[in-house]
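Student: What follows is the file my_file_36.pdb, containing PDB, C-alpha atoms and all ligand atoms:
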```pdb
ATOM      1  CA  MET A   1     -11.097 -10.201 -13.302  1.00  0.00           C
ATOM      2  CA  GLN A   2     -14.426 -11.749 -14.210  1.00  0.00           C
ATOM      3  CA  ASN A   3     -17.625  -9.904 -13.414  1.00  0.00           C
ATOM      4  CA  THR A   4     -18.751 -12.926 -11.374  1.00  0.00           C
ATOM      5  CA  GLU A   5     -15.788 -12.612  -8.982  1.00  0.00           C
ATOM      6  CA  LEU A   6     -16.572  -9.047  -8.023  1.00  0.00           C
ATOM      7  CA  PRO A   7     -17.901  -8.082  -4.576  1.00  0.00           C
ATOM      8  CA  VAL A   8     -21.699  -7.807  -4.703  1.00  0.00           C
ATOM      9  CA  ALA A   9     -21.780  -3.996  -4.350  1.00  0.00           C
ATOM     10  CA  LEU A  10     -19.258  -3.562  -7.175  1.00  0.00           C
ATOM     11  CA  LYS A  11     -21.076  -6.086  -9.348  1.00  0.00           C
ATOM     12  CA  GLN A  12     -24.290  -4.114  -8.874  1.00  0.00           C
ATOM     13  CA  PHE A  13     -22.439  -0.929  -9.854  1.00  0.00           C
ATOM     14  CA  VAL A  14     -20.999  -2.591 -12.967  1.00  0.00           C
ATOM     15  CA  ASN A  15     -24.440  -3.867 -13.942  1.00  0.00           C
ATOM     16  CA  GLU A  16     -25.840  -0.372 -13.478  1.00  0.00           C
ATOM     17  CA  MET A  17     -22.989   1.117 -15.534  1.00  0.00           C
ATOM     18  CA  ASP A  18     -23.613  -1.362 -18.351  1.00  0.00           C
ATOM     19  CA  ALA A  19     -27.322  -0.540 -18.344  1.00  0.00           C
ATOM     20  CA  LEU A  20     -26.621   3.218 -18.390  1.00  0.00           C
ATOM     21  CA  LEU A  21     -24.076   2.992 -21.200  1.00  0.00           C
ATOM     22  CA  ASN A  22     -26.489   0.911 -23.245  1.00  0.00           C
ATOM     23  CA  THR A  23     -29.358   3.366 -22.846  1.00  0.00           C
ATOM     24  CA  VAL A  24     -28.049   6.911 -22.241  1.00  0.00           C
ATOM     25  CA  SER A  25     -26.195   8.590 -25.101  1.00  0.00           C
ATOM     26  CA  ASP A  26     -26.088  12.199 -23.845  1.00  0.00           C
ATOM     27  CA  GLU A  27     -22.822  12.557 -21.915  1.00  0.00           C
ATOM     28  CA  SER A  28     -24.035  15.175 -19.451  1.00  0.00           C
ATOM     29  CA  ILE A  29     -27.041  13.026 -18.482  1.00  0.00           C
ATOM     30  CA  LEU A  30     -24.912   9.883 -18.379  1.00  0.00           C
ATOM     31  CA  HIS A  31     -22.395  11.645 -16.142  1.00  0.00           C
ATOM     32  CA  LEU A  32     -25.080  12.614 -13.606  1.00  0.00           C
ATOM     33  CA  ASN A  33     -26.528   9.095 -13.665  1.00  0.00           C
ATOM     34  CA  VAL A  34     -23.076   7.615 -13.104  1.00  0.00           C
ATOM     35  CA  GLY A  35     -22.741  10.006 -10.165  1.00  0.00           C
ATOM     36  CA  ASP A  36     -25.941   8.583  -8.656  1.00  0.00           C
ATOM     37  CA  ALA A  37     -24.656   5.029  -9.144  1.00  0.00           C
ATOM     38  CA  MET A  38     -21.318   5.956  -7.536  1.00  0.00           C
ATOM     39  CA  ALA A  39     -23.099   7.546  -4.553  1.00  0.00           C
ATOM     40  CA  LYS A  40     -24.795   4.187  -3.952  1.00  0.00           C
ATOM     41  CA  LEU A  41     -21.483   2.313  -4.292  1.00  0.00           C
ATOM     42  CA  VAL A  42     -19.706   4.419  -1.671  1.00  0.00           C
ATOM     43  CA  ALA A  43     -22.693   4.707   0.668  1.00  0.00           C
ATOM     44  CA  LYS A  44     -21.343   1.656   2.522  1.00  0.00           C
ATOM     45  CA  ASP A  45     -17.680   0.887   3.186  1.00  0.00           C
ATOM     46  CA  ASP A  46     -17.890  -2.881   3.513  1.00  0.00           C
ATOM     47  CA  TRP A  47     -17.032  -4.322   0.116  1.00  0.00           C
ATOM     48  CA  LEU A  48     -13.538  -3.274  -1.006  1.00  0.00           C
ATOM     49  CA  ASP A  49     -11.044  -6.150  -1.196  1.00  0.00           C
ATOM     50  CA  PRO A  50      -8.271  -5.401   1.351  1.00  0.00           C
ATOM     51  CA  ALA A  51      -5.725  -6.136  -1.423  1.00  0.00           C
ATOM     52  CA  PHE A  52      -6.991  -3.013  -3.195  1.00  0.00           C
ATOM     53  CA  SER A  53      -6.897  -0.808  -0.126  1.00  0.00           C
ATOM     54  CA  LEU A  54      -3.162  -1.003   0.604  1.00  0.00           C
ATOM     55  CA  PRO A  55      -1.222   2.254   0.665  1.00  0.00           C
ATOM     56  CA  HIS A  56       2.367   2.592  -0.522  1.00  0.00           C
ATOM     57  CA  PRO A  57       4.779   4.493   1.737  1.00  0.00           C
ATOM     58  CA  GLN A  58       5.765   6.851  -1.070  1.00  0.00           C
ATOM     59  CA  TYR A  59       3.170   6.837  -3.873  1.00  0.00           C
ATOM     60  CA  TYR A  60      -0.618   7.020  -3.996  1.00  0.00           C
ATOM     61  CA  GLN A  61      -1.946   3.800  -5.451  1.00  0.00           C
ATOM     62  CA  GLN A  62      -4.446   3.197  -8.258  1.00  0.00           C
ATOM     63  CA  TYR A  63      -5.823  -0.346  -8.281  1.00  0.00           C
ATOM     64  CA  LEU A  64      -7.940  -1.446 -11.203  1.00  0.00           C
ATOM     65  CA  LEU A  65     -11.131  -2.974  -9.787  1.00  0.00           C
ATOM     66  CA  TYR A  66     -12.950  -3.501 -13.088  1.00  0.00           C
ATOM     67  CA  ALA A  67     -12.328  -2.759 -16.744  1.00  0.00           C
ATOM     68  CA  ASP A  68     -15.217  -2.833 -19.179  1.00  0.00           C
ATOM     69  CA  PRO A  69     -14.311  -5.361 -21.914  1.00  0.00           C
ATOM     70  CA  ASP A  70     -15.146  -2.709 -24.539  1.00  0.00           C
ATOM     71  CA  GLU A  71     -13.105  -0.081 -22.642  1.00  0.00           C
ATOM     72  CA  ARG A  72     -16.117   2.194 -22.267  1.00  0.00           C
ATOM     73  CA  TYR A  73     -15.259   2.643 -18.589  1.00  0.00           C
ATOM     74  CA  SER A  74     -12.946   1.516 -15.797  1.00  0.00           C
ATOM     75  CA  VAL A  75     -13.287   1.444 -12.018  1.00  0.00           C
ATOM     76  CA  VAL A  76     -10.311   2.149  -9.773  1.00  0.00           C
ATOM     77  CA  SER A  77      -9.618   2.369  -6.051  1.00  0.00           C
ATOM     78  CA  PHE A  78      -7.408   5.325  -5.304  1.00  0.00           C
ATOM     79  CA  VAL A  79      -5.478   4.773  -2.077  1.00  0.00           C
ATOM     80  CA  TRP A  80      -3.792   7.696  -0.373  1.00  0.00           C
ATOM     81  CA  GLY A  81      -1.113   7.319   2.231  1.00  0.00           C
ATOM     82  CA  PRO A  82      -0.985  10.082   4.845  1.00  0.00           C
ATOM     83  CA  GLY A  83      -0.141  13.434   3.237  1.00  0.00           C
ATOM     84  CA  GLN A  84       0.126  12.085  -0.347  1.00  0.00           C
ATOM     85  CA  GLN A  85      -0.998  14.216  -3.298  1.00  0.00           C
ATOM     86  CA  THR A  86      -1.243  14.227  -7.086  1.00  0.00           C
ATOM     87  CA  PRO A  87       0.389  16.736  -9.391  1.00  0.00           C
ATOM     88  CA  ILE A  88      -1.954  19.073 -11.286  1.00  0.00           C
ATOM     89  CA  HIS A  89      -3.408  16.827 -14.000  1.00  0.00           C
ATOM     90  CA  ASP A  90      -6.266  16.311 -16.426  1.00  0.00           C
ATOM     91  CA  HIS A  91      -8.280  13.218 -17.417  1.00  0.00           C
ATOM     92  CA  THR A  92      -9.507  13.886 -21.006  1.00  0.00           C
ATOM     93  CA  VAL A  93     -12.595  11.737 -20.328  1.00  0.00           C
ATOM     94  CA  TRP A  94     -15.485  12.089 -17.885  1.00  0.00           C
ATOM     95  CA  GLY A  95     -14.900  10.773 -14.394  1.00  0.00           C
ATOM     96  CA  VAL A  96     -16.708  10.378 -11.082  1.00  0.00           C
ATOM     97  CA  VAL A  97     -14.982  10.176  -7.711  1.00  0.00           C
ATOM     98  CA  GLY A  98     -16.759   8.683  -4.711  1.00  0.00           C
ATOM     99  CA  MET A  99     -15.246   8.926  -1.239  1.00  0.00           C
ATOM    100  CA  LEU A 100     -15.201   5.566   0.503  1.00  0.00           C
ATOM    101  CA  ARG A 101     -12.926   6.051   3.523  1.00  0.00           C
ATOM    102  CA  GLY A 102     -11.112   9.024   5.023  1.00  0.00           C
ATOM    103  CA  GLU A 103     -11.160  12.396   3.229  1.00  0.00           C
ATOM    104  CA  GLU A 104      -9.599  14.031   0.196  1.00  0.00           C
ATOM    105  CA  ILE A 105      -9.349  17.595  -1.070  1.00  0.00           C
ATOM    106  CA  SER A 106      -9.591  18.542  -4.753  1.00  0.00           C
ATOM    107  CA  GLN A 107      -8.601  21.928  -6.137  1.00  0.00           C
ATOM    108  CA  ASN A 108      -9.508  22.839  -9.725  1.00  0.00           C
ATOM    109  CA  TYR A 109      -7.115  24.852 -11.880  1.00  0.00           C
ATOM    110  CA  GLN A 110      -7.232  26.817 -15.083  1.00  0.00           C
ATOM    111  CA  ILE A 111      -4.220  26.838 -17.344  1.00  0.00           C
ATOM    112  CA  ALA A 112      -3.112  30.120 -18.930  1.00  0.00           C
ATOM    113  CA  ALA A 113      -1.741  30.373 -22.470  1.00  0.00           C
ATOM    114  CA  ASP A 114       1.805  30.192 -21.109  1.00  0.00           C
ATOM    115  CA  GLY A 115       0.957  26.998 -19.244  1.00  0.00           C
ATOM    116  CA  MET A 116       0.804  28.650 -15.820  1.00  0.00           C
ATOM    117  CA  PRO A 117      -1.864  27.053 -13.613  1.00  0.00           C
ATOM    118  CA  SER A 118      -4.022  29.101 -11.279  1.00  0.00           C
ATOM    119  CA  PRO A 119      -6.621  27.771  -8.826  1.00  0.00           C
ATOM    120  CA  THR A 120     -10.291  28.284  -9.747  1.00  0.00           C
ATOM    121  CA  GLY A 121     -13.060  28.127  -7.187  1.00  0.00           C
ATOM    122  CA  GLU A 122     -12.857  26.793  -3.684  1.00  0.00           C
ATOM    123  CA  ALA A 123     -11.069  23.572  -2.827  1.00  0.00           C
ATOM    124  CA  ILE A 124     -13.605  20.780  -2.401  1.00  0.00           C
ATOM    125  CA  LEU A 125     -13.480  18.463   0.613  1.00  0.00           C
ATOM    126  CA  LEU A 126     -14.844  14.986  -0.013  1.00  0.00           C
ATOM    127  CA  THR A 127     -16.029  13.009   3.008  1.00  0.00           C
ATOM    128  CA  PRO A 128     -17.306   9.407   3.002  1.00  0.00           C
ATOM    129  CA  GLY A 129     -20.335   8.933   0.739  1.00  0.00           C
ATOM    130  CA  LYS A 130     -19.740  12.179  -1.177  1.00  0.00           C
ATOM    131  CA  ILE A 131     -19.067  12.265  -4.925  1.00  0.00           C
ATOM    132  CA  ALA A 132     -17.439  14.701  -7.362  1.00  0.00           C
ATOM    133  CA  LEU A 133     -17.518  14.914 -11.155  1.00  0.00           C
ATOM    134  CA  VAL A 134     -14.665  15.791 -13.520  1.00  0.00           C
ATOM    135  CA  SER A 135     -14.725  16.076 -17.307  1.00  0.00           C
ATOM    136  CA  PRO A 136     -13.466  18.236 -20.138  1.00  0.00           C
ATOM    137  CA  ALA A 137     -16.974  19.792 -20.224  1.00  0.00           C
ATOM    138  CA  LEU A 138     -17.135  20.612 -16.492  1.00  0.00           C
ATOM    139  CA  GLY A 139     -13.515  21.377 -15.649  1.00  0.00           C
ATOM    140  CA  ASP A 140     -10.911  18.689 -16.147  1.00  0.00           C
ATOM    141  CA  VAL A 141      -7.766  20.002 -14.463  1.00  0.00           C
ATOM    142  CA  HIS A 142      -7.223  19.525 -10.746  1.00  0.00           C
ATOM    143  CA  ALA A 143      -4.842  18.407  -8.032  1.00  0.00           C
ATOM    144  CA  VAL A 144      -6.020  16.098  -5.279  1.00  0.00           C
ATOM    145  CA  ARG A 145      -4.577  15.221  -1.907  1.00  0.00           C
ATOM    146  CA  ASN A 146      -5.281  13.160   1.143  1.00  0.00           C
ATOM    147  CA  ALA A 147      -6.925  15.578   3.558  1.00  0.00           C
ATOM    148  CA  LEU A 148      -5.610  13.514   6.467  1.00  0.00           C
ATOM    149  CA  ASP A 149      -1.991  13.586   7.588  1.00  0.00           C
ATOM    150  CA  ASP A 150      -2.224  10.570   9.857  1.00  0.00           C
ATOM    151  CA  GLN A 151      -4.548   8.181   8.050  1.00  0.00           C
ATOM    152  CA  VAL A 152      -5.124   6.329   4.784  1.00  0.00           C
ATOM    153  CA  SER A 153      -7.935   7.678   2.601  1.00  0.00           C
ATOM    154  CA  ILE A 154      -9.602   5.766  -0.232  1.00  0.00           C
ATOM    155  CA  SER A 155     -11.813   6.984  -3.052  1.00  0.00           C
ATOM    156  CA  ILE A 156     -13.415   4.960  -5.833  1.00  0.00           C
ATOM    157  CA  HIS A 157     -13.160   6.381  -9.350  1.00  0.00           C
ATOM    158  CA  VAL A 158     -14.962   5.551 -12.553  1.00  0.00           C
ATOM    159  CA  TYR A 159     -13.805   7.019 -15.866  1.00  0.00           C
ATOM    160  CA  GLY A 160     -15.243   7.014 -19.370  1.00  0.00           C
ATOM    161  CA  GLY A 161     -12.474   4.839 -20.813  1.00  0.00           C
ATOM    162  CA  ASN A 162      -9.644   2.576 -19.719  1.00  0.00           C
ATOM    163  CA  ILE A 163      -7.971   5.303 -17.666  1.00  0.00           C
ATOM    164  CA  GLY A 164      -4.760   3.370 -17.076  1.00  0.00           C
ATOM    165  CA  LYS A 165      -4.089   3.427 -20.830  1.00  0.00           C
ATOM    166  CA  ILE A 166      -5.184   6.966 -21.673  1.00  0.00           C
ATOM    167  CA  LYS A 167      -2.554   9.552 -22.535  1.00  0.00           C
ATOM    168  CA  ARG A 168      -3.208  12.692 -20.492  1.00  0.00           C
ATOM    169  CA  HIS A 169      -1.288  15.586 -18.992  1.00  0.00           C
ATOM    170  CA  VAL A 170       0.391  16.960 -15.914  1.00  0.00           C
ATOM    171  CA  PHE A 171       0.952  20.696 -15.477  1.00  0.00           C
ATOM    172  CA  SER A 172       3.913  22.256 -13.710  1.00  0.00           C
ATOM    173  CA  GLN A 173       3.343  24.905 -11.022  1.00  0.00           C
ATOM    174  CA  GLN A 174       6.010  26.867 -12.921  1.00  0.00           C
ATOM    175  CA  GLY A 175       4.050  26.828 -16.196  1.00  0.00           C
ATOM    176  CA  GLY A 176       5.422  25.740 -19.549  1.00  0.00           C
ATOM    177  CA  LEU A 177       4.282  22.888 -21.751  1.00  0.00           C
ATOM    178  CA  PRO A 178       2.159  20.164 -20.154  1.00  0.00           C
ATOM    179  CA  LYS A 179       3.824  16.752 -19.891  1.00  0.00           C
ATOM    180  CA  ASP A 180       2.148  13.655 -21.302  1.00  0.00           C
ATOM    181  CA  PHE A 181       1.571  10.818 -18.888  1.00  0.00           C
ATOM    182  CA  ILE A 182      -0.216   7.480 -18.742  1.00  0.00           C
ATOM    183  CA  SER A 183      -1.117   6.525 -15.188  1.00  0.00           C
ATOM    184  CA  GLY A 184      -1.233   2.746 -15.543  1.00  0.00           C
ATOM    185  CA  TYR A 185      -2.445   0.708 -12.584  1.00  0.00           C
ATOM    186  CA  SER A 186      -0.681  -0.406  -9.423  1.00  0.00           C
ATOM    187  CA  ASN A 187      -1.948  -4.000  -9.754  1.00  0.00           C
ATOM    188  CA  ILE A 188      -2.123  -4.595 -13.511  1.00  0.00           C
ATOM    189  CA  GLU A 189       0.562  -4.359 -16.151  1.00  0.00           C
ATOM    190  CA  ILE A 190      -0.794  -2.495 -19.170  1.00  0.00           C
ATOM    191  CA  VAL A 191       0.283  -4.225 -22.365  1.00  0.00           C
ATOM    192  CA  SER A 192       0.305  -1.801 -25.255  1.00  0.00           C
ATOM    193  CA  GLU A 193      -1.408  -3.066 -28.386  1.00  0.00           C
TER     194      GLU A 193
HETATM  195 FE   FE2 A 201      -7.966  13.458 -11.137  1.00  0.00          FE
END
```
Will you turn the file into structure tokens for me?

Tutor:
Amino acid sequence: MQNTELPVALKQFVNEMDALLNTVSDESILHLNVGDAMAKLVAKDDWLDPAFSLPHPQYYQQYLLYADPDERYSVVSFVWGPGQQTPIHDHTVWGVVGMLRGEEISQNYQIAADGMPSPTGEAILLTPGKIALVSPALGDVHAVRNALDDQVSISIHVYGGNIGKIKRHVFSQQGGLPKDFISGYSNIEIVSE
């Protein structure tokens, strides 16, 4: 996946990401700037390779679109079949979600000492062109679902690391200890080093 093979809009985003990471060291400022770059990327839905927009009948799909060679960030298309949803999970690194097609709903959670999750704040509806930020600093635990029961939805995600390789957590609705998980990618086999 060479930078030169990327669709123009994604290449511009990657170039912008590289410039930001080389110049902005404060994470909160970087995060906002990445949000602005993501808003530009999802402003137009005309660039995503159809191969990375395919839903699976059972599972939501996460296609790696670009991985920074230094693993400072990764870009993923998140493809929801009708009615699909994530478990309650965290990320452990900053992330930005940009809605490209369809709609998704994100609900943040807080986790009590006994591991019991409870919703915090209102559920957020993302419509095309809208972005949302997640991070350990801002609130890192949420569950996300396709807001549409009869249609595929697609959001583009960028994370502050190689998200497919990062060990993170899912939280049971019944409480208890979080479970470790590594999401991987639907199109790339992660080879552990
Ligand atoms: Fe998430």

Student: Set the distance at 9 Å and use all atoms listed in the file: which residues neighbour region 153-163 of chain A once local chain neighbours fewer than 5 positions away are removed? I'd like the list as a PyMOL selection string.

Tutor: chain A and resi 34+38+41-42+53+55+67-68+70-82+91+93-104+128+146-148+182-185

Student: I need the output of the PyMOL selection byres (((not hetatm)) within 9 of (chain A and resi 201)) for this file as a list in words; which residues are they?

Tutor: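 Evaluating the PyMOL selection byres (((not hetatm)) within 9 of (chain A and resi 201)) on this file yields Thr86, Ile88, His89, Asp90, His91, Gly95, Val97, Ser106, Val134, Asp140, Val141, His142, Ala143, Val144 and His157 of chain A.
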
Student: Counting all atoms listed in the file, which residue out of A:Leu177, A:Met116, A:Ile166, A:Ala43 sits closest to Ile131 (chain A)?

Tutor: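 That would be A:Ala43, the residue with the smallest distance to Ile131 (chain A).
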
Student: Quick one, how far is CA of Thr120 (chain A) from CA of Gln107 (chain A)?

Tutor: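 Spanning CA of Thr120 (chain A) to CA of Gln107 (chain A) is a straight-line distance of 7.5 Å.
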
Student: State, in Å with one decimal place, the distance from CA of Asn33 (chain A) to CA of Leu20 (chain A).

Tutor: 7.5 Å

Student: Between A:Leu54, A:Leu21, A:Asp180, A:His31, single out the one closest to Pro136 (chain A), counting all atoms listed in the file.

Tutor: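 Among the listed residues, A:His31 lies closest to Pro136 (chain A).
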
Student: Hey, can you check how far CA of Asn187 (chain A) sits from CA of Leu30 (chain A)?

Tutor: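 Taking CA of Asn187 (chain A) as the start and CA of Leu30 (chain A) as the end point, the length is 28.2 Å.
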
Student: Which of these, A:Gly35, A:Gly129, A:Gly175, A:Pro50, has the shortest distance to Gln110 (chain A) once you count only C-alpha atoms?

Tutor: A:Gly175

Student: Name the closest residue to Pro117 (chain A) among the candidates A:Phe52, A:Phe171, A:Tyr66, A:Tyr60; distances are taken between atoms, counting all atoms listed in the file.

Tutor: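 The answer is A:Phe171, which sits nearest to Pro117 (chain A).
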
Student: Go through A:Ala112, A:Pro119, A:Asn15, A:Pro7 and flag the residue nearest Leu48 (chain A), using all atoms listed in the file for the distances.

Tutor: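 Ranking A:Ala112, A:Pro119, A:Asn15, A:Pro7 by distance to Leu48 (chain A), first place goes to A:Pro7.
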
Student: Any idea what's packed within 7 Å of Phe181 (chain A), counting all atoms listed in the file, ignoring anything in its chain fewer than 2 positions away? Could you give it as a ChimeraX atom specification?

Tutor: /A:167-170,179,183

Student: Which is closer to Leu32 (chain A) than all the others in A:Thr92, A:Ser172, A:Ser135, A:Gln85, using only C-alpha atoms?

Tutor: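 Among A:Thr92, A:Ser172, A:Ser135, A:Gln85, it is A:Ser135 that comes nearest to Leu32 (chain A).
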
Student: Run the PyMOL selection byres (((chain A and resi 124) around 8) and not hetatm) mentally over the shown coordinates, then write out the matched residues as a VMD selection string, using the chain letters and numbers from the document.

Tutor: chain A and resid 105 to 107 122 to 123 125 to 126
